[in-house]
$ cat coords-v2.cif   # mmCIF, C-alpha atoms; chains and numbers go by the auth columns
data_query
#
loop_
_atom_site.group_PDB
_atom_site.id
_atom_site.type_symbol
_atom_site.label_atom_id
_atom_site.label_comp_id
_atom_site.label_asym_id
_atom_site.label_seq_id
_atom_site.Cartn_x
_atom_site.Cartn_y
_atom_site.Cartn_z
_atom_site.B_iso_or_equiv
_atom_site.auth_seq_id
_atom_site.auth_asym_id
ATOM 1 C CA LEU A 1 -146.347 -11.516 -174.329 0.00 7 A
ATOM 2 C CA PRO A 2 -147.031 -13.736 -177.376 0.00 8 A
ATOM 3 C CA PHE A 3 -147.844 -10.666 -179.466 0.00 9 A
ATOM 4 C CA GLU A 4 -144.608 -9.048 -178.322 0.00 10 A
ATOM 5 C CA VAL A 5 -142.698 -12.096 -179.591 0.00 11 A
ATOM 6 C CA VAL A 6 -144.540 -11.841 -182.919 0.00 12 A
ATOM 7 C CA LYS A 7 -143.856 -8.080 -183.085 0.00 13 A
ATOM 8 C CA LEU A 8 -140.157 -8.589 -182.466 0.00 14 A
ATOM 9 C CA ARG A 9 -139.933 -11.368 -185.064 0.00 15 A
ATOM 10 C CA LEU A 10 -141.668 -9.173 -187.635 0.00 16 A
ATOM 11 C CA GLN A 11 -139.335 -6.278 -186.852 0.00 17 A
ATOM 12 C CA THR A 12 -136.227 -8.439 -187.148 0.00 18 A
ATOM 13 C CA SER A 13 -137.317 -10.773 -189.941 0.00 19 A
ATOM 14 C CA ALA A 14 -134.738 -9.383 -192.367 0.00 20 A
ATOM 15 C CA LEU A 15 -131.935 -10.108 -189.874 0.00 21 A
ATOM 16 C CA GLY A 16 -133.057 -13.691 -189.369 0.00 22 A
ATOM 17 C CA GLY A 17 -133.540 -14.405 -193.052 0.00 23 A
ATOM 18 C CA ARG A 18 -137.265 -15.095 -192.603 0.00 24 A
ATOM 19 C CA GLN A 19 -140.102 -13.369 -194.352 0.00 25 A
ATOM 20 C CA TYR A 20 -143.593 -13.258 -192.944 0.00 26 A
ATOM 21 C CA ALA A 21 -146.760 -12.335 -194.806 0.00 27 A
ATOM 22 C CA GLY A 22 -148.189 -10.688 -191.701 0.00 28 A
ATOM 23 C CA VAL A 23 -149.024 -11.164 -188.039 0.00 29 A
ATOM 24 C CA GLY A 24 -151.056 -14.346 -188.553 0.00 30 A
ATOM 25 C CA ASP A 25 -148.413 -15.920 -190.783 0.00 31 A
ATOM 26 C CA CYS A 26 -145.680 -15.093 -188.289 0.00 32 A
ATOM 27 C CA LEU A 27 -147.708 -16.582 -185.427 0.00 33 A
ATOM 28 C CA ARG A 28 -148.365 -19.766 -187.433 0.00 34 A
ATOM 29 C CA GLN A 29 -144.710 -20.164 -188.434 0.00 35 A
ATOM 30 C CA ILE A 30 -143.506 -19.749 -184.848 0.00 36 A
ATOM 31 C CA VAL A 31 -146.011 -22.278 -183.471 0.00 37 A
ATOM 32 C CA ARG A 32 -145.375 -24.800 -186.284 0.00 38 A
ATOM 33 C CA GLY A 33 -141.614 -24.462 -186.277 0.00 39 A
ATOM 34 C CA GLU A 34 -140.865 -23.984 -182.576 0.00 40 A
ATOM 35 C CA GLY A 35 -144.012 -24.888 -180.668 0.00 41 A
ATOM 36 C CA VAL A 36 -146.345 -22.829 -178.498 0.00 42 A
ATOM 37 C CA ARG A 37 -143.692 -22.421 -175.796 0.00 43 A
ATOM 38 C CA ALA A 38 -141.690 -20.185 -178.145 0.00 44 A
ATOM 39 C CA LEU A 39 -144.413 -17.546 -177.776 0.00 45 A
ATOM 40 C CA TRP A 40 -143.551 -17.277 -174.085 0.00 46 A
ATOM 41 C CA ARG A 41 -139.782 -17.052 -174.586 0.00 47 A
ATOM 42 C CA GLY A 42 -138.546 -14.027 -172.669 0.00 48 A
ATOM 43 C CA ALA A 43 -141.458 -13.957 -170.196 0.00 49 A
ATOM 44 C CA VAL A 44 -139.248 -13.834 -167.083 0.00 50 A
ATOM 45 C CA PRO A 45 -137.188 -10.834 -168.261 0.00 51 A
ATOM 46 C CA ALA A 46 -140.413 -9.146 -169.431 0.00 52 A
ATOM 47 C CA LEU A 47 -141.930 -9.519 -165.963 0.00 53 A
ATOM 48 C CA ALA A 48 -138.702 -8.341 -164.333 0.00 54 A
ATOM 49 C CA SER A 49 -138.610 -5.390 -166.698 0.00 55 A
ATOM 50 C CA ALA A 50 -142.205 -4.365 -165.984 0.00 56 A
ATOM 51 C CA THR A 51 -141.673 -4.655 -162.228 0.00 57 A
ATOM 52 C CA THR A 52 -138.444 -2.673 -162.375 0.00 58 A
ATOM 53 C CA GLU A 53 -139.949 -0.052 -164.672 0.00 59 A
ATOM 54 C CA ASN A 54 -142.930 0.656 -162.439 0.00 60 A
ATOM 55 C CA THR A 55 -140.893 0.597 -159.231 0.00 61 A
ATOM 56 C CA VAL A 56 -138.268 3.001 -160.556 0.00 62 A
ATOM 57 C CA LEU A 57 -140.792 5.214 -162.333 0.00 63 A
ATOM 58 C CA PHE A 58 -143.057 5.824 -159.349 0.00 64 A
ATOM 59 C CA THR A 59 -140.184 6.110 -156.867 0.00 65 A
ATOM 60 C CA ALA A 60 -138.235 8.529 -159.063 0.00 66 A
ATOM 61 C CA ASN A 61 -141.347 10.580 -159.817 0.00 67 A
ATOM 62 C CA SER A 62 -142.075 10.922 -156.112 0.00 68 A
ATOM 63 C CA LEU A 63 -138.483 11.870 -155.268 0.00 69 A
ATOM 64 C CA VAL A 64 -138.173 14.353 -158.136 0.00 70 A
ATOM 65 C CA LYS A 65 -141.462 16.042 -157.211 0.00 71 A
ATOM 66 C CA ARG A 66 -140.395 16.206 -153.578 0.00 72 A
ATOM 67 C CA ALA A 67 -137.025 17.751 -154.517 0.00 73 A
ATOM 68 C CA LEU A 68 -138.147 20.190 -157.210 0.00 74 A
ATOM 69 C CA LEU A 69 -141.644 21.100 -156.100 0.00 75 A
ATOM 70 C CA ALA A 70 -141.221 21.178 -152.322 0.00 76 A
ATOM 71 C CA ASP A 71 -142.213 24.850 -152.032 0.00 77 A
ATOM 72 C CA VAL A 72 -144.920 24.761 -154.702 0.00 78 A
ATOM 73 C CA GLU A 73 -148.497 24.517 -153.436 0.00 79 A
ATOM 74 C CA GLN A 74 -150.183 23.866 -156.780 0.00 80 A
ATOM 75 C CA PRO A 75 -147.721 22.615 -159.443 0.00 81 A
ATOM 76 C CA THR A 76 -148.476 23.461 -163.056 0.00 82 A
ATOM 77 C CA LEU A 77 -149.021 20.822 -165.703 0.00 83 A
ATOM 78 C CA LEU A 78 -145.629 21.707 -167.219 0.00 84 A
ATOM 79 C CA GLN A 79 -143.874 21.184 -163.862 0.00 85 A
ATOM 80 C CA LEU A 80 -145.564 17.813 -163.379 0.00 86 A
ATOM 81 C CA ALA A 81 -144.704 16.795 -166.954 0.00 87 A
ATOM 82 C CA ALA A 82 -141.047 17.745 -166.374 0.00 88 A
ATOM 83 C CA CYS A 83 -140.953 15.625 -163.214 0.00 89 A
ATOM 84 C CA GLY A 84 -142.500 12.735 -165.124 0.00 90 A
ATOM 85 C CA GLY A 85 -139.926 13.141 -167.905 0.00 91 A
ATOM 86 C CA VAL A 86 -137.028 12.969 -165.463 0.00 92 A
ATOM 87 C CA ALA A 87 -138.585 9.921 -163.781 0.00 93 A
ATOM 88 C CA GLY A 88 -139.068 8.335 -167.213 0.00 94 A
ATOM 89 C CA ALA A 89 -135.377 8.790 -168.013 0.00 95 A
ATOM 90 C CA PHE A 90 -134.453 6.963 -164.798 0.00 96 A
ATOM 91 C CA SER A 91 -136.939 4.215 -165.597 0.00 97 A
ATOM 92 C CA ALA A 92 -135.729 3.732 -169.170 0.00 98 A
ATOM 93 C CA THR A 93 -132.139 3.493 -167.977 0.00 99 A
ATOM 94 C CA ALA A 94 -133.069 0.930 -165.325 0.00 100 A
ATOM 95 C CA ILE A 95 -135.009 -1.393 -167.661 0.00 101 A
ATOM 96 C CA CYS A 96 -132.624 -1.366 -170.616 0.00 102 A
ATOM 97 C CA PRO A 97 -130.604 -4.475 -169.583 0.00 103 A
ATOM 98 C CA ALA A 98 -133.744 -6.564 -168.921 0.00 104 A
ATOM 99 C CA GLU A 99 -135.282 -5.420 -172.226 0.00 105 A
ATOM 100 C CA LEU A 100 -132.132 -6.389 -174.105 0.00 106 A
ATOM 101 C CA ILE A 101 -132.176 -9.870 -172.576 0.00 107 A
ATOM 102 C CA LYS A 102 -135.913 -10.235 -173.277 0.00 108 A
ATOM 103 C CA CYS A 103 -135.500 -9.230 -176.919 0.00 109 A
ATOM 104 C CA ARG A 104 -132.583 -11.584 -177.436 0.00 110 A
ATOM 105 C CA LEU A 105 -134.564 -14.469 -175.971 0.00 111 A
ATOM 106 C CA GLN A 106 -137.621 -13.648 -178.085 0.00 112 A
ATOM 107 C CA PHE A 107 -135.530 -13.327 -181.238 0.00 113 A
ATOM 108 C CA GLN A 108 -133.794 -16.625 -180.660 0.00 114 A
ATOM 109 C CA ASN A 109 -135.324 -19.177 -183.000 0.00 115 A
ATOM 110 C CA ARG A 110 -134.404 -22.144 -185.127 0.00 116 A
ATOM 111 C CA GLY A 111 -132.947 -21.577 -188.540 0.00 117 A
ATOM 112 C CA ALA A 112 -131.165 -18.447 -189.708 0.00 118 A
ATOM 113 C CA GLY A 113 -132.312 -16.395 -186.721 0.00 119 A
ATOM 114 C CA ALA A 114 -130.577 -18.783 -184.333 0.00 120 A
ATOM 115 C CA ALA A 115 -127.192 -17.800 -185.742 0.00 121 A
ATOM 116 C CA VAL A 116 -127.906 -14.123 -185.104 0.00 122 A
ATOM 117 C CA ALA A 117 -129.186 -14.850 -181.582 0.00 123 A
ATOM 118 C CA ALA A 118 -126.218 -17.103 -180.801 0.00 124 A
ATOM 119 C CA GLU A 119 -123.849 -14.380 -181.956 0.00 125 A
ATOM 120 C CA ALA A 120 -125.632 -11.884 -179.689 0.00 126 A
ATOM 121 C CA ALA A 121 -125.085 -14.050 -176.586 0.00 127 A
ATOM 122 C CA PRO A 122 -123.364 -17.335 -177.405 0.00 128 A
ATOM 123 C CA GLY A 123 -124.169 -20.383 -175.307 0.00 129 A
ATOM 124 C CA ALA A 124 -127.061 -18.898 -173.354 0.00 130 A
ATOM 125 C CA THR A 125 -130.571 -20.239 -173.856 0.00 131 A
ATOM 126 C CA ALA A 126 -132.368 -19.037 -170.713 0.00 132 A
ATOM 127 C CA ALA A 127 -132.691 -15.617 -169.110 0.00 133 A
ATOM 128 C CA PRO A 128 -130.199 -16.170 -166.256 0.00 134 A
ATOM 129 C CA GLY A 129 -127.606 -17.563 -168.671 0.00 135 A
ATOM 130 C CA ARG A 130 -128.210 -14.760 -171.128 0.00 136 A
ATOM 131 C CA ALA A 131 -127.859 -12.128 -168.386 0.00 137 A
ATOM 132 C CA VAL A 132 -124.550 -13.641 -167.331 0.00 138 A
ATOM 133 C CA ARG A 133 -123.322 -13.739 -170.951 0.00 139 A
ATOM 134 C CA VAL A 134 -124.344 -10.105 -171.571 0.00 140 A
ATOM 135 C CA ALA A 135 -122.561 -8.973 -168.399 0.00 141 A
ATOM 136 C CA ALA A 136 -119.472 -11.072 -169.165 0.00 142 A
ATOM 137 C CA ALA A 137 -119.313 -9.695 -172.703 0.00 143 A
ATOM 138 C CA GLY A 138 -118.720 -6.159 -171.478 0.00 144 A
ATOM 139 C CA GLY A 139 -120.401 -5.312 -168.206 0.00 145 A
ATOM 140 C CA LEU A 140 -123.121 -2.690 -168.307 0.00 146 A
ATOM 141 C CA GLU A 141 -121.943 -1.050 -171.527 0.00 147 A
ATOM 142 C CA PRO A 142 -123.521 -3.422 -174.130 0.00 148 A
ATOM 143 C CA PRO A 143 -127.171 -2.768 -173.175 0.00 149 A
ATOM 144 C CA TYR A 144 -126.681 0.967 -173.651 0.00 150 A
ATOM 145 C CA ARG A 145 -124.484 0.756 -176.760 0.00 151 A
ATOM 146 C CA GLY A 146 -127.272 1.048 -179.336 0.00 152 A
ATOM 147 C CA PRO A 147 -127.474 -0.551 -182.776 0.00 153 A
#
$ encode --input "coords-v2.cif" --output "structure tokens"
Amino acid sequence: LPFEVVKLRLQTSALGGRQYAGVGDCLRQIVRGEGVRALWRGAVPALASATTENTVLFTANSLVKRALLADVEQPTLLQLAACGGVAGAFSATAICPAELIKCRLQFQNRGAGAAVAAEAAPGATAAPGRAVRVAAAGGLEPPYRGP
């Protein structure tokens, strides 16, 4: 998870007004400016997202194969790939809200980035609060809205 926080900060550095020289510099700036705990910000939504993703993915894949390939003795690679694609679409849809919350928590930092994070979900500093703020801001629509 710490490298995911660093990755997100590097990807959004222009939005937050920060510039990093690279991965190591970003890691150092986060630890110096916000402490080691900042590297674990968003861990609960990340775990929830991974659990949800795997549960939905394997369940959907099983159900799709059962529905579409019930009469097929030996499915082709293309048929299995299609079933996996459909299951992946269900999984991606299911994890989008948790991923949004995780990214907002990981992006939240002191300085210029805090203003952007506060605008994204004002008043929420922890995952449960952020989830409530995201839902209150517009129900299920915001996580699927896009940039």
$ resolve_selection --input "coords-v2.cif" --expression "the PyMOL selection byres ((chain A and resi 94) around 9)" --output "list in words"
Glu59, Val62, Leu63, Ala66, Asn67, Cys89, Gly90, Gly91, Val92, Ala93, Ala95, Phe96, Ser97, Ala98 and Thr99 of chain A
$ atom_distance --input "coords-v2.cif" --atom1 "atom CA of Val12 of chain A" --atom2 "atom CA of Ala54 of chain A"
19.8 Å
$ atom_distance --input "coords-v2.cif" --atom1 "atom CA of Ala87 of chain A" --atom2 "atom CA of Asn60 of chain A"
16.9 Å
$ atom_distance --input "coords-v2.cif" --atom1 "atom CA of Thr65 of chain A" --atom2 "atom CA of Arg47 of chain A"
29.2 Å
$ closest_residue --input "coords-v2.cif" --among "A:Glu105, A:Pro8, A:Leu14, A:Gly28" --to "Val42 of chain A" --atoms "only C-alpha atoms"
A:Pro8
$ resolve_selection --input "coords-v2.cif" --expression "the PyMOL selection byres ((chain A and resi 29) around 12)" --output "list in words"
Pro8, Phe9, Glu10, Val11, Val12, Lys13, Leu14, Arg15, Leu16, Gln17, Ser19, Gln25, Tyr26, Ala27, Gly28, Gly30, Asp31, Cys32, Leu33, Arg34, Gln35 and Ile36 of chain A
$ resolve_selection --input "coords-v2.cif" --expression "the PyMOL selection byres ((chain A and resi 55) around 10)" --output "MDAnalysis selection string"
chainID A and resid 49:54 56:61 97:98 100:108
$ axis_aligned_box --input "coords-v2.cif" --around "segment 70-78 of chain A" --padding-each-side "6 Å" --output "JSON"
{"center_x": -141.0, "center_y": 19.6, "center_z": -155.1, "size_x": 19.9, "size_y": 22.5, "size_z": 18.1}
$ build_atoms --input "coords-v2.cif" --residues "segment 75-90 of chain A" --atoms "N, CA and C atoms" --output "compact mmCIF listing (two decimals), in the coordinates of the input"
# COMPACT_ATOMS: atom_id res chain seq x y z
N LEU A 75 -140.39 20.39 -156.33
CA LEU A 75 -141.64 21.10 -156.10
C LEU A 75 -141.99 21.20 -154.62
N ALA A 76 -140.98 21.17 -153.77
CA ALA A 76 -141.22 21.18 -152.32
C ALA A 76 -141.95 22.43 -151.86
N ASP A 77 -141.62 23.58 -152.46
CA ASP A 77 -142.21 24.85 -152.03
C ASP A 77 -143.41 25.28 -152.88
N VAL A 78 -143.83 24.42 -153.79
CA VAL A 78 -144.92 24.76 -154.70
C VAL A 78 -146.22 24.15 -154.18
N GLU A 79 -147.21 25.02 -153.94
CA GLU A 79 -148.50 24.52 -153.44
C GLU A 79 -149.29 23.80 -154.52
N GLN A 80 -149.40 24.43 -155.68
CA GLN A 80 -150.18 23.87 -156.78
C GLN A 80 -149.29 23.82 -158.03
N PRO A 81 -148.61 22.68 -158.27
CA PRO A 81 -147.72 22.62 -159.44
C PRO A 81 -148.50 22.72 -160.75
N THR A 82 -147.85 23.34 -161.74
CA THR A 82 -148.48 23.46 -163.06
C THR A 82 -148.35 22.14 -163.80
N LEU A 83 -149.09 22.02 -164.86
CA LEU A 83 -149.02 20.82 -165.70
C LEU A 83 -147.62 20.66 -166.27
N LEU A 84 -146.98 21.76 -166.67
CA LEU A 84 -145.63 21.71 -167.22
C LEU A 84 -144.63 21.20 -166.17
N GLN A 85 -144.76 21.66 -164.93
CA GLN A 85 -143.87 21.18 -163.86
C GLN A 85 -144.05 19.68 -163.61
N LEU A 86 -145.30 19.24 -163.58
CA LEU A 86 -145.56 17.81 -163.38
C LEU A 86 -145.04 16.98 -164.55
N ALA A 87 -145.20 17.50 -165.76
CA ALA A 87 -144.70 16.80 -166.95
C ALA A 87 -143.18 16.70 -166.92
N ALA A 88 -142.50 17.77 -166.47
CA ALA A 88 -141.05 17.74 -166.37
C ALA A 88 -140.59 16.70 -165.35
N CYS A 89 -141.28 16.64 -164.23
CA CYS A 89 -140.95 15.62 -163.21
C CYS A 89 -141.15 14.22 -163.78
N GLY A 90 -142.24 14.03 -164.50
CA GLY A 90 -142.50 12.74 -165.12
C GLY A 90 -141.45 12.39 -166.16
